[in-house]
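**Student:** Please find one structure pasted underneath; my questions will follow.
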Amino acid sequence: MTRPERAIVIGGGIGGLAAGAALHQRGWAVTVLERAASLDPVGAAISLAPNALRALDVLGIGDEIRDLAAWQGDGGLRTPGGRWLSRSSAAAAAARFGGPLVLLPRATLVDRLAALLPPGAVRTATTAALADPGDRARPARVSAGGEELEAELAVGADGVNSRVRGALFPGHPGPVYAGFTTWRVLIPVPGAEFASHETWGRGHIWGTHPLKDRRVYAYAAATAPAGQHAPDDEKAELLRRYGDWHDPIPAVLAAAGPEDVLRHDVHHLARPLPAHHFGRTVLIGDAAHAMPPTLGQGGNQAVEDAVVLAHHGADLPAYTAARLPRTTAIARQSVRVARLNMAGSRAVVALRDTAVAAVSAAGPALFLRGFDGIADWRPPYASGRRHAGQR
């Protein structure tokens, strides 16, 4: 009996688990190595556009994830005083992209992806390092927990500060600070009724979205020096910055405790990699193309990476050819959007808000236009089953 090809995935986040599941479904013997003690994800929630949902269709869980989501695209862009600059709807999103835009807790997606892997495939509390990227004549080697593992394919899914990327491309400058920091909250907010929205101020943004489990996901971003922290606590910092913004922002802040607020600086790869592979080793997700979160595509692109990688298998040049141009373009667009919505000049903000309102009044909401060429992506192969999100 022929031994199945082996794949070692370094990193057990959304991209790593999706890659492991996709490769497993293609017949690979998969091991996922995660340094944390558990798969509990860092972060609060994740938005999934139709492109990522179609990738999840390939894994067989697209409809399940759609059913778990409450946010279906209704909402738009607002000013801190509450004026709507741009409105969008679930029907408009579905008509434009062939499916909804949805939001759900990151933990839910992690659990569903992990369940697609066979028992014992995921090893937590395991620090891994790439010992040898391999080539045509020899397998890749990974040092993990005091032992050395060999595989026909090694997958670096170890995030923005990827050690695998550093080993493959030591001359690359790595991630740089994007110029702003973010806060995230996922909490119950009793009695809160509102449409999903993102609010743009001067050098500040805020987003508030209801989830199906009756919790609220809120996030904020602000220009700030790298490495800065509140002198007291991060809830107090949010109150200082956003406490007088429109409803339901004050209610969300009132319901949050200091322990509920996560804060992280944003880093991205300003210079694209020359390739997403070297030897028998490949990079996916933030390890390959970390981008600002302004289009909400970081996790979406990682899921796309996973199914495209499984499709091409050991043909890593074909994987790079399929993914590098697309992710580079989306990363650059994310940077452009960040410059727009994080603008700090009063004159620039006034011009921006006027232009957003005018453009949206003349056609589809700016929120939807930003996903053109992104959300309409379709996988290179399908599972063979029909899904509600396909047309």
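Chain labels A, B, ... are given in the sequence in which chains occur in the structure tokens; within each chain residues are numbered consecutively from 1, and ligands are likewise numbered from 1 in the order shown.
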List as a ChimeraX atom specification the protein and nucleic acid residues near region 310-313 of chain A, meaning an atom at most 12 Å away when only C-alpha atoms are counted, but skip any in the same chain fewer than 4 places from it.
**Tutor:** /A:5-7,18-28,30,55,58-59,152-155,280-282,284,303-306,317-323,379-383
**Student:** DSSP on the backbone: what in region 94-244 of chain A comes out alpha helix (DSSP H), as a PyMOL selection string?
**Tutor:** chain A and resi 94-97+106-114+163-168+234-242
**Student:** Which residues are near Val160 (chain A)? Cut-off 6 Å, only C-alpha atoms, ignore same chain within fewer than 2 positions. Put them as a ChimeraX atom specification.
**Tutor:** /A:162,286-287,290
**Student:** Smallest atom-to-atom distance to Leu351 (chain A): which of A:Arg271, A:Arg240, A:His277, A:Arg202, using only C-alpha atoms?
**Tutor:** A:Arg202
**Student:** Between A:Glu198, A:Asp63, A:Asp244, A:Glu234, which is the closest to Arg263 (chain A) once you count only C-alpha atoms?
**Tutor:**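 Ranking A:Glu198, A:Asp63, A:Asp244, A:Glu234 by distance to Arg263 (chain A), first place goes to A:Glu234.
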**Student:** At what distance in Å, to one decimal, does CA of Val102 (chain A) lie from CA of Pro80 (chain A)?
**Tutor:**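 According to the coordinates, CA of Pro80 (chain A) and CA of Val102 (chain A) are separated by 24.0 Å.
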**Student:** Between A:Thr108, A:Val252, A:Ala357, A:Glu237, which residue has the minimum interatomic distance to Arg87 (chain A), considering only C-alpha atoms?
**Tutor:**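 Residue with the minimum atom-to-atom distance to Arg87 (chain A): A:Ala357.
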**Student:** Please identify all polymer residues within 12 Å of Gly120 (chain A), counting only C-alpha atoms, omitting same-chain residues fewer than 3 positions from it, and present them as a PyMOL selection string.
**Tutor:** chain A and resi 29-33+114-117+123-124
**Student:** For Asn341 (chain A), list every protein, DNA or RNA residue within 8 Å, evaluated using only C-alpha atoms, and leave out those in the same chain fewer than 5 positions away; present the list as a PyMOL selection string.
**Tutor:** chain A and resi 200-201+203-205
**Student:** How about saving the chosen residues, C-alpha atoms kept, as a tab-separated table (two decimals), in the first residue's frame?
**Tutor:**
chain	number	residue	atom	x	y	z
A	200	TRP	CA	-15.08	57.23	10.21
A	201	GLY	CA	-13.70	60.15	12.18
A	203	GLY	CA	-7.69	59.44	12.43
A	204	HIS	CA	-10.21	57.16	14.12
A	205	ILE	CA	-12.69	54.49	13.04
**Student:** From the list A:Glu259, A:His209, A:Ala221, A:Thr126, which residue is nearest Asp233 (chain A) when using only C-alpha atoms?
**Tutor:**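 For Asp233 (chain A), the nearest of the given residues is A:Glu259.
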**Student:** Restricting the calculation to only C-alpha atoms, which member of A:Ala361, A:Val356, A:Leu262, A:Ala331 is positioned closest to Thr182 (chain A)?
**Tutor:**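 Of the candidates, the smallest distance to Thr182 (chain A) is held by A:Leu262.
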**Student:** Taking the DSSP secondary structure from the backbone, can you list the residues of region 80-169 of chain A that are strand (DSSP E or B), as an mmCIF file with N, CA and C atoms, in the first residue's frame?
**Tutor:**
data_model
loop_
_atom_site.group_PDB
_atom_site.id
_atom_site.type_symbol
_atom_site.label_atom_id
_atom_site.label_comp_id
_atom_site.auth_asym_id
_atom_site.auth_seq_id
_atom_site.Cartn_x
_atom_site.Cartn_y
_atom_site.Cartn_z
ATOM 1 N N TRP A 84 -25.429 59.160 8.260
ATOM 2 C CA TRP A 84 -25.059 58.095 7.332
ATOM 3 C C TRP A 84 -24.405 58.704 6.089
ATOM 4 N N LEU A 85 -23.216 58.226 5.779
ATOM 5 C CA LEU A 85 -22.537 58.623 4.549
ATOM 6 C C LEU A 85 -22.875 57.689 3.402
ATOM 7 N N SER A 86 -23.101 56.427 3.737
ATOM 8 C CA SER A 86 -23.320 55.398 2.724
ATOM 9 C C SER A 86 -24.109 54.263 3.349
ATOM 10 N N ARG A 87 -25.113 53.774 2.649
ATOM 11 C CA ARG A 87 -25.920 52.651 3.146
ATOM 12 C C ARG A 87 -25.760 51.460 2.222
ATOM 13 N N SER A 88 -25.789 50.269 2.798
ATOM 14 C CA SER A 88 -25.731 49.039 2.016
ATOM 15 C C SER A 88 -26.754 48.069 2.579
ATOM 16 N N VAL A 102 -20.917 38.015 5.953
ATOM 17 C CA VAL A 102 -21.351 37.553 7.269
ATOM 18 C C VAL A 102 -20.262 37.757 8.308
ATOM 19 N N LEU A 103 -20.656 37.680 9.571
ATOM 20 C CA LEU A 103 -19.741 37.893 10.675
ATOM 21 C C LEU A 103 -20.031 36.859 11.743
ATOM 22 N N LEU A 104 -18.988 36.297 12.347
ATOM 23 C CA LEU A 104 -19.169 35.308 13.406
ATOM 24 C C LEU A 104 -17.941 35.298 14.303
ATOM 25 N N PRO A 105 -18.058 34.749 15.516
ATOM 26 C CA PRO A 105 -16.890 34.675 16.400
ATOM 27 C C PRO A 105 -15.772 33.853 15.767
ATOM 28 N N VAL A 122 -3.805 17.579 15.260
ATOM 29 C CA VAL A 122 -3.393 18.865 15.812
ATOM 30 C C VAL A 122 -2.615 18.635 17.103
ATOM 31 N N ARG A 123 -1.412 19.167 17.162
ATOM 32 C CA ARG A 123 -0.576 19.070 18.358
ATOM 33 C C ARG A 123 -0.366 20.476 18.914
ATOM 34 N N ALA A 128 7.509 24.910 16.958
ATOM 35 C CA ALA A 128 8.067 24.307 15.745
ATOM 36 C C ALA A 128 8.933 25.309 15.018
ATOM 37 N N ALA A 129 9.933 24.811 14.330
ATOM 38 C CA ALA A 129 10.816 25.646 13.517
ATOM 39 C C ALA A 129 11.194 24.874 12.265
ATOM 40 N N LEU A 130 11.295 25.591 11.170
ATOM 41 C CA LEU A 130 11.706 24.965 9.920
ATOM 42 C C LEU A 130 13.208 24.704 9.967
ATOM 43 N N ALA A 131 13.596 23.429 9.882
ATOM 44 C CA ALA A 131 15.012 23.067 9.902
ATOM 45 C C ALA A 131 15.601 23.012 8.505
ATOM 46 N N ASP A 132 14.777 22.622 7.517
ATOM 47 C CA ASP A 132 15.233 22.504 6.137
ATOM 48 C C ASP A 132 14.015 22.633 5.234
ATOM 49 N N ASP A 135 13.865 20.106 -0.986
ATOM 50 C CA ASP A 135 13.903 20.355 -2.422
ATOM 51 C C ASP A 135 13.437 19.090 -3.125
ATOM 52 N N ARG A 138 14.988 15.915 -1.481
ATOM 53 C CA ARG A 138 14.874 15.594 -0.063
ATOM 54 C C ARG A 138 13.624 16.250 0.521
ATOM 55 N N ALA A 140 11.171 18.225 3.308
ATOM 56 C CA ALA A 140 11.310 19.311 4.269
ATOM 57 C C ALA A 140 11.442 18.711 5.660
ATOM 58 N N ARG A 141 12.159 19.426 6.537
ATOM 59 C CA ARG A 141 12.323 18.965 7.913
ATOM 60 C C ARG A 141 11.894 20.073 8.879
ATOM 61 N N VAL A 142 11.153 19.671 9.901
ATOM 62 C CA VAL A 142 10.637 20.596 10.902
ATOM 63 C C VAL A 142 11.028 20.093 12.279
ATOM 64 N N SER A 143 11.643 20.960 13.076
ATOM 65 C CA SER A 143 11.942 20.638 14.464
ATOM 66 C C SER A 143 10.728 20.993 15.313
ATOM 67 N N ALA A 144 10.276 20.040 16.107
ATOM 68 C CA ALA A 144 9.039 20.245 16.872
ATOM 69 C C ALA A 144 9.107 19.492 18.189
ATOM 70 N N GLU A 147 11.800 16.820 18.653
ATOM 71 C CA GLU A 147 11.978 15.808 17.617
ATOM 72 C C GLU A 147 12.011 16.476 16.252
ATOM 73 N N GLU A 148 12.460 15.739 15.270
ATOM 74 C CA GLU A 148 12.524 16.268 13.918
ATOM 75 C C GLU A 148 11.577 15.479 13.027
ATOM 76 N N LEU A 149 10.698 16.201 12.316
ATOM 77 C CA LEU A 149 9.700 15.586 11.455
ATOM 78 C C LEU A 149 10.046 15.865 10.007
ATOM 79 N N GLU A 150 9.756 14.902 9.145
ATOM 80 C CA GLU A 150 9.968 15.064 7.719
ATOM 81 C C GLU A 150 8.635 15.045 6.992
ATOM 82 N N ALA A 151 8.562 15.775 5.886
ATOM 83 C CA ALA A 151 7.311 15.821 5.125
ATOM 84 C C ALA A 151 7.600 16.221 3.689
ATOM 85 N N LEU A 153 5.711 18.211 2.232
ATOM 86 C CA LEU A 153 5.251 19.600 2.172
ATOM 87 C C LEU A 153 5.246 20.191 3.571
ATOM 88 N N ALA A 154 5.869 21.362 3.729
ATOM 89 C CA ALA A 154 5.792 22.118 4.978
ATOM 90 C C ALA A 154 5.041 23.411 4.688
ATOM 91 N N VAL A 155 4.134 23.783 5.579
ATOM 92 C CA VAL A 155 3.286 24.958 5.398
ATOM 93 C C VAL A 155 3.544 25.931 6.540
ATOM 94 N N GLY A 156 4.036 27.111 6.204
ATOM 95 C CA GLY A 156 4.221 28.157 7.202
ATOM 96 C C GLY A 156 2.954 28.971 7.337
#
**Student:** What is the distance between CA of Arg215 (chain A) and CA of Ser334 (chain A), in Å to one decimal?
**Tutor:**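 Straight-line distance from CA of Arg215 (chain A) to CA of Ser334 (chain A) works out to 27.4 Å.
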